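To start, the structure under review is shown below, and the notes come after it.
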Amino acid sequence: MRIQLLWPILATLLVPLAVAWFVYPEHLPPGFGVFPPQFQGDAPGFNLWVFLLVAAGAVFISALVLWPQAFGFKGATPSPAAAKKPLPWWFWAGAVVTLFFWWLMWSHSTLFGELVYWSFTPLWWGFIFVLDGLVYHRNNGRSLFSSKPKLLAIAGLISVLGWVYFEFFDYFVLENWYYPHTAAAPWSQQLLSFEFLLTYSTVTPVLFQWYCLLNTFPKLVARYQNGPKMPLNANLLIGLGLVLLAAMVIWPYPMFWVVWIGPFLVLIGCLQRLNIWTPFSDIAKGNWTAGVLIAVSSLLNGLFWEFWNFGSNYFVTDSITNPNYWVYNIPYLNVIHLFSEMPLLGYFGYLPFGVIVLLFFIWSGKLFGFDTDIQLNKTDS
């Protein structure tokens with residue numbers, strides 16, 4: 001099984017490299033391999049027709065999430081809500097850590113020396129435990145930290161691998177996102193790389209916490225059941241994903257959206273070929289709950305990602321203390337910024353990204369042999 005798991009994912013790495021060999025005089029896109037990504041390509045400016053096309057898709061997706069009954073979802077009878085428990089100690093500890101490092105990152109204060117440069121990771125791990133505490137409170141004392149701490153720790157490790165995998169594709173769209181303030185940190189390149197990898201440990205756990213929190217609302221869980229059945233052809237998905245990744249290298253700006261879709265399709269196809277459960281296994285039967293909730297989890301968390309990121313460079317401009325600060329270089333759509341570096345329509349990229357994170361975690365679990373079930377049921381202790 002490991003070979004069957006590995007070859008499609010290896011293909012997503014090798015296909016862009018192979019195509020780039022023929023596309024670029026240096027055989028690799030400019031800025032390739034510079035970590036964290038720094039290159040800022042000359043992306044095309046605003047295009048009204050592309051904007052309207054993407055906006056139409058965004059409206060359609062929003063309508064499906066907000067009014068699923070209009071798309072044929074009959075829903076199901078909600079399960080009884082779980083009993084409530086008092087907020088646990090780690091909720092309060094996480095809140096203190098989050099608030100302190102939020103203040104530190106936005107204030108640029110050097111009162112604690114170089115700690116300000118490290119703000120990102122503790123800020124987000126504090127927030128992860130705030131969300132976990134809310135899940136514990138709403139779910140009768142069951143949360144990832146209280147019931148599946150090993151899984152939560154593994155999610156942090158796999159998160160590093162997963163974001164490195166995803167960051168790889170950013171080079172081939174000529175850095176849709178990049179990190180302009182890395183030189184501000186008083187670190188060696190080795191320490192800078194370590195700090196960035198450390199920040200990557202937060203991505204998967206925080207999305208899983210949002211997912212578990214949304215699952216504590218029985219009416220929300222029930223509303224996306226008994227909907228349209230959408231079976232998918234695994235081999236077609238893998239083939240289409242690889243073709244799109246090849247096209248992305250040839251036309252990086254017109255095909256910039258493939259960075260979210262290409263790996264997504266290959267991962268689904270890879271897991272489906274081996275009859276491994278994914279949200280699309282349920283969608284084929286008409287139950288869209290897992291797919292919608294992990295996508296919405298990513299979108300909700302994206303609001304915090306972008307809010308905290310923007311604020312770290314907005315209120316204090318005479319010094320730079322957040323090496324993790326990122327900006328976007330998205331073609332055609334880089335307009336309408338609401339206290340965010342992310343353009344408004346760019347937020348919808350978070351929806352497939354959330355599913356990619358879950359798919360990569362499931363794939364890793366099958367490859368390395370660990371439990372990937374993030375559902376919290378009544379048998380958890």
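By order in the structure tokens, chains are A, B, ...; within a chain, residues start at 1; ligands start at 1, following the order shown.
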I'd like the neighbourhood of segment 94-100 of chain A as a PDB file with N, CA and C atoms, in the first residue's frame, where a residue qualifies if any of its atoms comes within 9 Å (using only C-alpha atoms), though same-chain residues fewer than 4 positions away should be ignored.
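Resulting contents of selection29.pdb:
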```pdb
ATOM      1  N   TRP A  89      -8.794  24.294  32.599  1.00  0.00           N
ATOM      2  CA  TRP A  89      -7.683  25.193  32.917  1.00  0.00           C
ATOM      3  C   TRP A  89      -6.902  25.609  31.680  1.00  0.00           C
ATOM      4  N   TRP A  90      -6.798  24.680  30.696  1.00  0.00           N
ATOM      5  CA  TRP A  90      -5.990  25.036  29.527  1.00  0.00           C
ATOM      6  C   TRP A  90      -6.665  26.071  28.632  1.00  0.00           C
ATOM      7  N   LEU A 104       2.189  41.428  22.121  1.00  0.00           N
ATOM      8  CA  LEU A 104       3.609  41.544  21.822  1.00  0.00           C
ATOM      9  C   LEU A 104       3.848  41.679  20.321  1.00  0.00           C
ATOM     10  N   MET A 105       3.131  40.892  19.512  1.00  0.00           N
ATOM     11  CA  MET A 105       3.339  40.913  18.072  1.00  0.00           C
ATOM     12  C   MET A 105       2.873  42.223  17.458  1.00  0.00           C
ATOM     13  N   PRO A 122       3.752  30.819  19.669  1.00  0.00           N
ATOM     14  CA  PRO A 122       2.994  30.731  20.923  1.00  0.00           C
ATOM     15  C   PRO A 122       1.619  31.380  20.837  1.00  0.00           C
ATOM     16  N   LEU A 123       1.492  32.451  20.046  1.00  0.00           N
ATOM     17  CA  LEU A 123       0.163  33.044  19.836  1.00  0.00           C
ATOM     18  C   LEU A 123      -0.806  31.995  19.333  1.00  0.00           C
ATOM     19  N   TRP A 124      -0.372  31.240  18.310  1.00  0.00           N
ATOM     20  CA  TRP A 124      -1.278  30.288  17.694  1.00  0.00           C
ATOM     21  C   TRP A 124      -1.478  29.020  18.514  1.00  0.00           C
ATOM     22  N   TRP A 125      -0.453  28.574  19.223  1.00  0.00           N
ATOM     23  CA  TRP A 125      -0.676  27.415  20.100  1.00  0.00           C
ATOM     24  C   TRP A 125      -1.557  27.796  21.276  1.00  0.00           C
ATOM     25  N   GLY A 126      -1.442  29.022  21.753  1.00  0.00           N
ATOM     26  CA  GLY A 126      -2.380  29.474  22.777  1.00  0.00           C
ATOM     27  C   GLY A 126      -3.807  29.442  22.264  1.00  0.00           C
ATOM     28  N   PHE A 127      -4.000  29.926  21.040  1.00  0.00           N
ATOM     29  CA  PHE A 127      -5.328  29.929  20.435  1.00  0.00           C
ATOM     30  C   PHE A 127      -5.843  28.509  20.220  1.00  0.00           C
ATOM     31  N   ILE A 128      -4.960  27.592  19.856  1.00  0.00           N
ATOM     32  CA  ILE A 128      -5.343  26.184  19.687  1.00  0.00           C
ATOM     33  C   ILE A 128      -5.935  25.644  20.987  1.00  0.00           C
ATOM     34  N   PHE A 129      -5.340  25.998  22.116  1.00  0.00           N
ATOM     35  CA  PHE A 129      -5.854  25.503  23.400  1.00  0.00           C
ATOM     36  C   PHE A 129      -7.095  26.257  23.851  1.00  0.00           C
ATOM     37  N   VAL A 130      -7.257  27.499  23.415  1.00  0.00           N
ATOM     38  CA  VAL A 130      -8.528  28.201  23.658  1.00  0.00           C
ATOM     39  C   VAL A 130      -9.666  27.467  22.952  1.00  0.00           C
ATOM     40  N   LEU A 131      -9.452  27.143  21.683  1.00  0.00           N
ATOM     41  CA  LEU A 131     -10.484  26.423  20.932  1.00  0.00           C
ATOM     42  C   LEU A 131     -10.739  25.049  21.532  1.00  0.00           C
ATOM     43  N   GLY A 133     -10.410  24.183  24.615  1.00  0.00           N
ATOM     44  CA  GLY A 133     -11.193  24.369  25.833  1.00  0.00           C
ATOM     45  C   GLY A 133     -12.666  24.602  25.542  1.00  0.00           C
TER      46      GLY A 133
END
```
Near-Val243 of chain A list (10 Å; only C-alpha atoms; drop same-chain fewer than 3 positions) as an mmCIF file with C-alpha atoms, in the first residue's frame:
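Written output follows (result_21.cif):
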```
data_model
loop_
_atom_site.group_PDB
_atom_site.id
_atom_site.type_symbol
_atom_site.label_atom_id
_atom_site.label_comp_id
_atom_site.auth_asym_id
_atom_site.auth_seq_id
_atom_site.Cartn_x
_atom_site.Cartn_y
_atom_site.Cartn_z
ATOM 1 C CA THR A 12 2.782 16.080 -7.804
ATOM 2 C CA VAL A 15 5.663 16.892 -12.666
ATOM 3 C CA PRO A 16 6.191 20.622 -11.882
ATOM 4 C CA LEU A 237 -8.917 12.909 -10.459
ATOM 5 C CA ILE A 238 -5.237 11.968 -10.313
ATOM 6 C CA GLY A 239 -4.788 12.502 -14.038
ATOM 7 C CA LEU A 240 -6.620 15.820 -14.027
ATOM 8 C CA ALA A 246 1.819 20.875 -15.440
ATOM 9 C CA ALA A 247 -0.273 23.699 -16.922
ATOM 10 C CA MET A 248 0.318 25.769 -13.800
ATOM 11 C CA GLY A 262 -4.133 20.323 -8.234
#
```
Go through A:Ser201, A:Thr110, A:Ser159, A:Gln40 and flag the residue nearest Phe361 of chain A, using only C-alpha atoms for the distances.
->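 Among the listed residues, A:Ser159 lies closest to Phe361 of chain A.
Residues in contact with Leu144 of chain A at up to 9 Å, not including ones fewer than 4 positions away on its chain and judged by only C-alpha atoms, are Asp132, Val135, Tyr136, Lys148, Pro149, Lys150, Leu151, Leu152, Phe208, Gln209, Cys212, Ile374, Gln375 and Leu376 of chain A.
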All heavy atoms of the current selection, written as a CSV table (one decimal), in the first residue's frame:
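This went into result.csv:
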```
chain,number,residue,atom,x,y,z
A,132,ASP,N,-9.7,24.4,21.9
A,132,ASP,CA,-9.8,23.0,22.5
A,132,ASP,C,-10.7,23.1,23.8
A,132,ASP,O,-11.5,22.3,24.1
A,132,ASP,CB,-8.5,22.4,22.9
A,132,ASP,CG,-8.6,21.0,23.3
A,132,ASP,OD1,-8.8,20.7,24.5
A,132,ASP,OD2,-8.4,20.1,22.4
A,135,VAL,N,-14.3,23.4,22.9
A,135,VAL,CA,-14.8,22.1,22.5
A,135,VAL,C,-15.1,21.2,23.8
A,135,VAL,O,-16.1,20.6,23.9
A,135,VAL,CB,-13.8,21.4,21.6
A,135,VAL,CG1,-14.3,19.9,21.3
A,135,VAL,CG2,-13.6,22.1,20.3
A,136,TYR,N,-14.1,21.2,24.7
A,136,TYR,CA,-14.3,20.5,26.0
A,136,TYR,C,-15.5,21.0,26.7
A,136,TYR,O,-16.3,20.2,27.2
A,136,TYR,CB,-13.0,20.7,26.8
A,136,TYR,CG,-13.0,20.1,28.2
A,136,TYR,CD1,-12.4,18.8,28.4
A,136,TYR,CD2,-13.6,20.7,29.3
A,136,TYR,CE1,-12.4,18.2,29.6
A,136,TYR,CE2,-13.6,20.1,30.5
A,136,TYR,CZ,-13.0,18.9,30.7
A,136,TYR,OH,-13.0,18.3,32.0
A,148,LYS,N,-7.7,12.8,23.0
A,148,LYS,CA,-6.7,12.3,22.0
A,148,LYS,C,-5.5,13.2,21.9
A,148,LYS,O,-5.1,13.7,20.8
A,148,LYS,CB,-7.4,12.3,20.6
A,148,LYS,CG,-8.6,11.4,20.5
A,148,LYS,CD,-9.2,11.2,19.1
A,148,LYS,CE,-10.3,10.2,19.0
A,148,LYS,NZ,-10.8,10.0,17.7
A,149,PRO,N,-4.8,13.3,23.0
A,149,PRO,CA,-3.6,14.2,23.0
A,149,PRO,C,-2.5,13.7,22.1
A,149,PRO,O,-1.8,14.6,21.5
A,149,PRO,CB,-3.1,14.2,24.5
A,149,PRO,CG,-3.7,12.9,25.0
A,149,PRO,CD,-5.0,12.7,24.3
A,150,LYS,N,-2.3,12.4,21.9
A,150,LYS,CA,-1.3,11.9,21.0
A,150,LYS,C,-1.6,12.3,19.6
A,150,LYS,O,-0.7,12.7,18.8
A,150,LYS,CB,-1.2,10.4,21.1
A,150,LYS,CG,-0.2,9.8,20.2
A,150,LYS,CD,-0.2,8.2,20.4
A,150,LYS,CE,0.8,7.6,19.4
A,150,LYS,NZ,0.9,6.1,19.5
A,151,LEU,N,-2.9,12.2,19.2
A,151,LEU,CA,-3.3,12.6,17.9
A,151,LEU,C,-3.0,14.1,17.7
A,151,LEU,O,-2.6,14.5,16.6
A,151,LEU,CB,-4.8,12.3,17.6
A,151,LEU,CG,-5.3,12.6,16.2
A,151,LEU,CD1,-6.4,11.6,15.9
A,151,LEU,CD2,-5.9,14.0,16.1
A,152,LEU,N,-3.3,14.9,18.7
A,152,LEU,CA,-3.1,16.4,18.6
A,152,LEU,C,-1.6,16.7,18.4
A,152,LEU,O,-1.2,17.5,17.5
A,152,LEU,CB,-3.6,17.1,19.8
A,152,LEU,CG,-3.5,18.6,19.8
A,152,LEU,CD1,-4.3,19.2,18.7
A,152,LEU,CD2,-4.0,19.2,21.2
A,208,PHE,N,-8.2,21.5,12.9
A,208,PHE,CA,-8.9,20.4,13.5
A,208,PHE,C,-9.7,20.9,14.7
A,208,PHE,O,-10.8,20.4,15.0
A,208,PHE,CB,-7.9,19.3,14.0
A,208,PHE,CG,-7.4,18.5,12.8
A,208,PHE,CD1,-6.4,17.5,13.0
A,208,PHE,CD2,-7.8,18.7,11.5
A,208,PHE,CE1,-5.9,16.7,12.0
A,208,PHE,CE2,-7.3,18.0,10.4
A,208,PHE,CZ,-6.3,17.0,10.7
A,209,GLN,N,-9.2,21.9,15.5
A,209,GLN,CA,-9.9,22.4,16.6
A,209,GLN,C,-11.2,23.1,16.2
A,209,GLN,O,-12.3,22.9,16.8
A,209,GLN,CB,-9.1,23.3,17.4
A,209,GLN,CG,-7.9,22.7,18.1
A,209,GLN,CD,-8.3,21.8,19.3
A,209,GLN,OE1,-9.4,21.4,19.5
A,209,GLN,NE2,-7.3,21.4,20.1
A,212,CYS,N,-13.7,20.4,15.2
A,212,CYS,CA,-14.3,19.7,16.4
A,212,CYS,C,-15.3,20.7,17.0
A,212,CYS,O,-16.4,20.3,17.5
A,212,CYS,CB,-13.2,19.3,17.4
A,212,CYS,SG,-12.2,18.0,16.9
A,374,ILE,N,-10.3,12.2,13.9
A,374,ILE,CA,-10.4,13.3,14.7
A,374,ILE,C,-11.8,13.5,15.3
A,374,ILE,O,-12.1,14.5,16.0
A,374,ILE,CB,-10.0,14.6,14.0
A,374,ILE,CG1,-10.9,14.9,12.8
A,374,ILE,CG2,-8.5,14.5,13.6
A,374,ILE,CD1,-10.5,16.2,12.1
A,375,GLN,N,-12.7,12.6,15.0
A,375,GLN,CA,-14.1,12.7,15.5
A,375,GLN,C,-14.1,12.4,17.0
A,375,GLN,O,-13.3,11.5,17.5
A,375,GLN,CB,-15.0,11.7,14.8
A,375,GLN,CG,-15.2,11.9,13.3
A,375,GLN,CD,-16.0,13.2,13.0
A,375,GLN,OE1,-16.7,13.7,13.8
A,375,GLN,NE2,-15.8,13.7,11.8
A,376,LEU,N,-14.9,13.1,17.7
A,376,LEU,CA,-15.0,13.0,19.2
A,376,LEU,C,-16.3,12.4,19.5
A,376,LEU,O,-17.3,13.1,19.4
A,376,LEU,CB,-14.8,14.3,19.9
A,376,LEU,CG,-13.4,15.0,19.7
A,376,LEU,CD1,-13.4,16.4,20.2
A,376,LEU,CD2,-12.3,14.2,20.4
```
Pairwise distance for atom CA of Ile283 of chain A and atom CA of Asn233 of chain A, rounded to one decimal in Å = 12.9 Å
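Using only C-alpha atoms, the smallest distance between any of A:Pro343, A:Pro263, A:Pro205, A:Pro37 and Leu244 of chain A comes from A:Pro263.
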Leu271 of chain A: which residues within 10 Å, counting only C-alpha atoms, same-chain residues fewer than 4 positions away excluded, as a PyMOL selection string?
-> chain A and resi 4-5+8+234+266-267+275-278+280-281+359-360+362-363+366
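In this structure, atom CA of Phe169 of chain A sits 6.1 Å away from atom CA of Val259 of chain A.
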From A:Asn377, A:Asn322, A:Thr216, A:Ser62, residue lying nearest Phe196 of chain A [only C-alpha atoms] = A:Asn322
Measuring atom to atom with only C-alpha atoms, identify which of A:Val173, A:Leu52, A:Ala58, A:Leu293 is nearest to Asn329 of chain A.
->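 Of all the options, A:Val173 lies closest to Asn329 of chain A.
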Could you pull the residues within 10 Å of Phe166 of chain A, counting only C-alpha atoms, minus those fewer than 4 positions along the same chain, as a list of chain:residue names?
->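 So, after excluding close chain neighbours, the residues are A:Leu161, A:Gly162, A:Asp170, A:Tyr171, A:Val259, A:Trp260, A:Pro263, A:Phe353, A:Ile356, A:Val357.
Candidate residues A:Lys285, A:Lys84, A:Lys219, A:Lys74 were compared for distance to Leu134 of chain A, and the nearest is A:Lys84, using only C-alpha atoms.
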